[in-house]
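Quick look at run.tsv (TSV, C-alpha atoms):
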```tsv
chain	number	residue	atom	x	y	z
A	10	MET	CA	0.00	0.00	0.00
A	11	SER	CA	2.14	2.91	-1.25
A	12	ARG	CA	-0.57	5.40	-2.17
A	13	VAL	CA	-3.98	6.27	-0.77
A	14	ARG	CA	-6.68	8.09	-2.69
A	15	VAL	CA	-8.87	10.45	-0.69
A	16	ILE	CA	-11.77	12.78	-1.44
A	17	PRO	CA	-11.11	16.47	-0.70
A	18	ARG	CA	-13.39	18.12	1.85
A	19	GLN	CA	-14.28	21.79	1.50
A	20	LEU	CA	-14.54	24.06	4.54
A	21	ALA	CA	-15.98	27.55	4.91
A	22	PRO	CA	-14.39	30.11	7.26
A	23	GLY	CA	-15.25	29.17	10.85
A	24	ASP	CA	-16.23	25.57	10.06
A	25	GLU	CA	-15.25	23.17	12.83
A	26	LEU	CA	-13.17	20.29	11.53
A	27	ILE	CA	-12.33	18.65	14.85
A	28	ARG	CA	-14.13	19.08	18.16
A	29	GLU	CA	-12.16	19.40	21.37
A	30	ASP	CA	-11.83	16.12	23.29
A	31	SER	CA	-13.07	14.09	20.32
A	32	SER	CA	-11.37	11.01	18.86
A	33	PRO	CA	-10.77	11.67	15.14
A	34	ASP	CA	-10.40	8.55	13.01
A	35	HIS	CA	-8.68	10.50	10.21
A	36	LEU	CA	-5.65	12.70	9.78
A	37	TYR	CA	-6.54	15.90	7.94
A	38	LEU	CA	-3.95	17.30	5.53
A	39	LEU	CA	-4.54	20.93	4.60
A	40	SER	CA	-4.12	21.37	0.85
A	41	ALA	CA	-5.54	24.91	0.51
A	42	GLY	CA	-6.45	27.76	2.85
A	43	TRP	CA	-5.60	28.30	6.51
A	44	ALA	CA	-6.84	26.68	9.71
A	45	TYR	CA	-6.05	26.97	13.40
A	46	ARG	CA	-5.97	24.80	16.49
A	47	TYR	CA	-7.60	26.09	19.66
A	48	ILE	CA	-8.00	25.07	23.29
A	49	THR	CA	-10.88	26.42	25.40
A	50	MET	CA	-10.78	26.85	29.17
A	51	ARG	CA	-13.77	26.20	31.42
A	52	SER	CA	-14.01	29.95	31.97
A	53	GLY	CA	-14.50	30.41	28.22
A	54	GLY	CA	-11.01	31.75	27.55
A	55	ARG	CA	-9.35	30.47	24.41
A	56	GLN	CA	-5.75	29.99	23.32
A	57	ILE	CA	-4.65	29.37	19.73
A	58	PRO	CA	-1.44	27.26	19.83
A	59	ALA	CA	-1.03	26.74	16.09
A	60	LEU	CA	-1.85	28.21	12.70
A	61	ILE	CA	-1.92	25.63	9.90
A	62	VAL	CA	-0.94	26.49	6.34
A	63	PRO	CA	-1.14	24.39	3.16
A	64	GLY	CA	1.02	21.28	3.45
A	65	GLY	CA	0.47	20.93	7.18
A	66	VAL	CA	-1.50	18.29	9.06
A	67	CYS	CA	-4.33	19.68	11.17
A	68	ASN	CA	-4.11	16.97	13.83
A	69	LEU	CA	-0.71	15.31	13.60
A	70	ASP	CA	-0.91	14.29	17.27
A	71	ASN	CA	-3.71	11.90	16.38
A	72	LEU	CA	-1.32	9.77	14.36
A	73	LEU	CA	-0.39	8.19	17.72
A	74	LEU	CA	-2.90	9.63	20.18
A	75	GLU	CA	-6.58	8.79	19.83
A	76	ARG	CA	-7.96	11.79	21.71
A	77	ALA	CA	-7.63	15.36	20.45
A	78	ASN	CA	-7.16	17.73	23.37
A	79	PHE	CA	-7.68	20.63	20.96
A	80	GLY	CA	-10.18	21.70	18.34
A	81	VAL	CA	-9.54	22.72	14.73
A	82	ARG	CA	-11.43	25.35	12.75
A	83	ALA	CA	-11.01	26.75	9.26
A	84	LEU	CA	-9.63	30.28	9.25
A	85	THR	CA	-10.38	30.83	5.56
A	86	ARG	CA	-12.04	28.79	2.85
A	87	ALA	CA	-10.02	25.63	2.97
A	88	THR	CA	-9.60	22.18	1.47
A	89	VAL	CA	-8.54	19.22	3.56
A	90	LEU	CA	-7.68	15.66	2.55
A	91	ALA	CA	-8.83	13.00	5.01
A	92	LEU	CA	-6.45	10.08	5.51
A	93	PRO	CA	-7.76	7.21	7.68
A	94	ARG	CA	-5.64	6.96	10.80
A	95	GLY	CA	-5.04	3.24	10.39
A	96	GLN	CA	-3.87	3.68	6.81
A	97	ALA	CA	-1.57	6.52	7.87
A	98	LEU	CA	0.06	4.28	10.47
A	99	ALA	CA	0.41	1.47	7.93
A	100	LEU	CA	2.01	3.81	5.40
A	101	ALA	CA	4.48	5.07	7.98
A	102	ALA	CA	5.37	1.50	8.96
A	103	GLU	CA	5.75	0.21	5.37
A	104	HIS	CA	7.50	3.19	3.81
A	105	PRO	CA	10.40	4.94	5.61
A	106	GLY	CA	9.94	8.05	3.47
A	107	VAL	CA	6.39	8.51	4.74
A	108	GLY	CA	7.53	7.97	8.32
A	109	ARG	CA	10.24	10.60	7.85
A	110	ALA	CA	7.67	13.02	6.41
A	111	PHE	CA	5.48	12.68	9.49
A	112	THR	CA	8.53	13.06	11.73
A	113	TRP	CA	9.61	16.18	9.87
A	114	LEU	CA	6.14	17.71	10.18
A	115	ALA	CA	6.32	17.14	13.95
A	116	VAL	CA	9.79	18.76	14.10
A	117	ALA	CA	8.53	21.76	12.12
A	118	GLU	CA	5.52	22.19	14.41
A	119	ASN	CA	7.77	22.02	17.46
A	120	ALA	CA	10.16	24.67	16.07
A	121	ILE	CA	7.30	27.11	15.57
A	122	LEU	CA	5.64	26.26	18.88
A	123	SER	CA	8.93	26.87	20.72
A	124	GLN	CA	9.09	30.40	19.30
A	125	TRP	CA	5.47	31.04	20.27
A	126	ALA	CA	6.12	29.78	23.82
A	127	LEU	CA	9.12	32.11	24.09
A	128	GLY	CA	6.94	34.99	22.97
A	129	LEU	CA	4.21	34.26	25.52
A	130	GLY	CA	6.76	33.95	28.31
A	131	ARG	CA	9.30	36.68	27.55
A	132	ARG	CA	8.26	39.11	24.80
A	133	SER	CA	6.32	42.31	25.27
A	134	ALA	CA	3.00	42.80	23.52
A	135	LEU	CA	4.82	44.76	20.82
A	136	GLY	CA	7.42	42.04	20.46
A	137	ARG	CA	4.78	39.30	20.25
A	138	LEU	CA	2.79	41.03	17.52
A	139	ALA	CA	5.87	42.05	15.56
A	140	HIS	CA	7.24	38.49	15.72
A	141	LEU	CA	3.92	37.00	14.58
A	142	LEU	CA	3.75	39.37	11.60
A	143	CYS	CA	7.34	38.57	10.62
A	144	GLU	CA	6.64	34.84	10.81
A	145	LEU	CA	3.35	35.01	8.92
A	146	SER	CA	4.92	37.11	6.16
A	147	ILE	CA	7.22	34.16	5.43
A	148	ARG	CA	4.65	31.41	5.94
A	149	ALA	CA	2.19	33.28	3.70
A	150	GLY	CA	4.75	33.37	0.91
A	151	ALA	CA	5.90	36.99	1.02
A	152	SER	CA	9.45	37.82	-0.07
A	153	ASP	CA	12.35	37.83	2.38
A	154	ALA	CA	13.45	41.39	1.70
A	155	GLY	CA	12.05	44.82	1.04
A	156	GLU	CA	8.33	45.62	1.27
A	157	ASP	CA	6.18	42.56	1.98
A	158	SER	CA	2.42	42.26	1.45
A	159	PHE	CA	0.33	39.26	2.38
A	160	GLU	CA	-3.22	38.34	3.28
A	161	LEU	CA	-3.89	38.36	7.03
A	162	PRO	CA	-7.37	36.86	7.50
A	163	MET	CA	-7.19	36.94	11.31
A	164	THR	CA	-9.55	39.15	13.32
A	165	ARG	CA	-8.26	41.12	16.31
A	166	GLU	CA	-9.90	38.49	18.54
A	167	LEU	CA	-8.03	35.64	16.85
A	168	ILE	CA	-4.74	37.51	17.06
A	169	ALA	CA	-5.42	38.21	20.74
A	170	ASP	CA	-6.08	34.53	21.43
A	171	THR	CA	-2.84	33.64	19.64
A	172	LEU	CA	-0.70	36.15	21.53
A	173	GLY	CA	-2.32	35.91	24.97
A	174	LEU	CA	-3.51	39.52	24.83
A	175	THR	CA	-6.84	41.33	24.77
A	176	PRO	CA	-8.35	42.53	21.46
A	177	ILE	CA	-8.04	46.11	22.74
A	178	HIS	CA	-4.32	45.63	23.42
A	179	VAL	CA	-3.84	44.10	19.98
A	180	ASN	CA	-5.65	47.03	18.37
A	181	ARG	CA	-3.52	49.59	20.22
A	182	THR	CA	-0.31	47.77	19.32
A	183	MET	CA	-1.37	47.52	15.68
A	184	GLN	CA	-2.11	51.25	15.67
A	185	TYR	CA	1.36	51.93	17.06
A	186	LEU	CA	3.01	49.85	14.32
A	187	ARG	CA	1.05	51.78	11.68
A	188	ALA	CA	1.80	55.18	13.23
A	189	GLU	CA	5.51	54.43	13.45
A	190	GLY	CA	5.72	53.35	9.80
A	191	PHE	CA	6.34	49.65	10.39
A	192	ILE	CA	3.22	48.44	8.59
A	193	SER	CA	0.18	49.53	6.61
A	194	THR	CA	-3.14	47.73	6.28
A	195	ALA	CA	-5.89	47.74	3.67
A	196	GLY	CA	-8.74	45.37	4.44
A	197	ARG	CA	-7.17	41.96	4.94
A	198	THR	CA	-3.91	42.93	3.25
A	199	MET	CA	-0.98	43.48	5.58
A	200	THR	CA	2.08	45.30	4.21
A	201	ILE	CA	5.34	45.39	6.13
A	202	LEU	CA	6.93	48.69	5.15
A	203	ASP	CA	10.25	48.25	6.95
A	204	LEU	CA	11.07	44.57	7.40
A	205	ASP	CA	14.48	45.12	8.99
A	206	ARG	CA	13.08	47.46	11.64
A	207	LEU	CA	10.18	45.15	12.42
A	208	ARG	CA	12.52	42.17	12.74
A	209	SER	CA	14.74	44.20	15.07
A	210	VAL	CA	11.80	45.05	17.34
A	211	ALA	CA	10.68	41.40	17.32
A	212	GLU	CA	14.22	39.99	17.69
A	213	PHE	CA	13.13	37.80	14.81
A	214	ASP	CA	15.56	35.25	13.41
A	215	PRO	CA	14.00	33.49	10.39
A	216	SER	CA	16.42	30.55	10.55
A	217	TYR	CA	13.85	28.27	12.20
A	218	LEU	CA	11.51	28.82	9.25
A	219	ASN	CA	14.26	28.72	6.62
A	220	GLN	CA	15.36	25.30	7.85
A	221	ILE	CA	11.79	24.04	7.63
A	222	GLU	CA	11.37	25.31	4.07
A	223	LYS	CA	14.72	23.93	2.95
A	224	SER	CA	14.07	20.43	4.29
A	225	ALA	CA	10.47	20.39	3.05
A	226	ALA	CA	11.38	21.44	-0.51
A	227	SER	CA	11.04	17.87	-1.83
A	228	PRO	CA	8.77	16.03	0.60
A	229	PRO	CA	7.73	12.40	0.02
A	230	VAL	CA	4.33	11.94	-1.66
A	231	LEU	CA	1.84	10.89	0.98
A	232	LEU	CA	-1.29	10.99	-1.12
A	233	ALA	CA	-2.18	10.80	-4.79
```
What do you get writing this file as structure tokens?
Amino acid sequence: MSRVRVIPRQLAPGDELIREDSSPDHLYLLSAGWAYRYITMRSGGRQIPALIVPGGVCNLDNLLLERANFGVRALTRATVLALPRGQALALAAEHPGVGRAFTWLAVAENAILSQWALGLGRRSALGRLAHLLCELSIRAGASDAGEDSFELPMTRELIADTLGLTPIHVNRTMQYLRAEGFISTAGRTMTILDLDRLRSVAEFDPSYLNQIEKSAASPPVLLA
């Protein structure tokens, strides 16, 4: 069993793909659009520990763990490919390249999560937002130099739940970045006007993302 054919599933913005504390029987590979993982507290507070871009797996933990201690929602219109969990495990066992691909996806997730944890623990609100914008400019496919523009479909509430801030704080910090000439916004389009300055404020080192992109340039084919 070297290849598995799956039927794409279309999601609208806000659609719930995985419920918290459920037991998904599929792995969901994101082929188009953006999604996010979230964890909700009993008080109603929410934290977003991961943004998922095309090529990522929405619930990689469920390759080995039956229960999902997080939920997954579509951030934009999105397409996911559902791979039965049992078949995913069989592929990884039978084909070393597939196993390495899953391992690499886990390493990539951990590299990003480590930076986010550092931000929550040690960066100021300005540093957190600046770092997130620098990271998303690369993950969204913007260039690595000069003036970068990319689609940022996140509301202030979603950004707040990602950075551990309030929407009001996010709004004030965004206003500061605009007023100081770091960024400009037009609808959902975010433009970084001075990438070097923004990276300096964020103490942003793109090497963790560059390593991910370099090693993922020719990934094994999981599905066809």
From A:Ser52, A:Gln184, A:Gln96, A:Thr85, residue lying nearest Arg197 of chain A [all atoms listed in the file]: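 Going through A:Ser52, A:Gln184, A:Gln96, A:Thr85 one by one, the smallest distance to Arg197 of chain A is for A:Thr85.
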Set the distance at 12 Å and use all atoms listed in the file: which residues neighbour Asp70 of chain A once local chain neighbours fewer than 5 positions away are removed? I'd like the list as a list in words.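 In the requested form, the answer reads Ser32, Pro33, Asp34, His35, Leu36, Tyr37, Arg46, Glu75, Arg76, Ala77, Asn78, Phe79, Gly80, Arg94, Phe111, Thr112, Leu114, Ala115, Glu118 and Asn119 of chain A.
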Select, from A:Arg148, A:Arg132, A:His140, A:Arg55, the residue with the minimum atom-to-atom distance to Thr171 of chain A, counting all atoms listed in the file.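 Looking at the shortest contact to Thr171 of chain A, the residue is A:Arg55.
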Using only C-alpha atoms, can you tell me which of A:Val81, A:Ala59, A:Leu74, A:Ala134 comes closest to Ile177 of chain A?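 Under the stated criterion, the closest residue is A:Ala134.
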Shortest interatomic distance to Ala99 of chain A - which of A:Phe159, A:Leu73, A:Glu189, A:Ile48, counting all atoms listed in the file: A:Leu73
Is it possible to get the residues within 12 Å of (-1.0, 48.2, 20.3) (coordinates as in the file, counting all atoms listed in the file) written as JSON, numbers by chain? {"A": [133, 134, 135, 136, 137, 138, 139, 165, 168, 169, 174, 175, 176, 177, 178, 179, 180, 181, 182, 183, 184, 185, 186, 187, 188, 189]}
Skip Cys143 of chain A itself and residues of its chain fewer than 4 positions away, then list as a count of residues only all residues within 12 Å of it, counting only C-alpha atoms. 37
To one decimal place in Å, what is the distance between atom CA of Asn71 of chain A and atom CA of Ser123 of chain A?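 Answer for the atom CA of Asn71 of chain A to atom CA of Ser123 of chain A separation: 20.1 Å.
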Do you have the atom CA of Thr198 of chain A-atom CA of Ile57 of chain A distance handy? 21.4 Å
Please, what distance in Å, to one decimal, runs between atom CA of Glu144 of chain A and atom CA of Gln56 of chain A?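 Atom-to-atom, atom CA of Glu144 of chain A and atom CA of Gln56 of chain A are spaced 18.3 Å apart.
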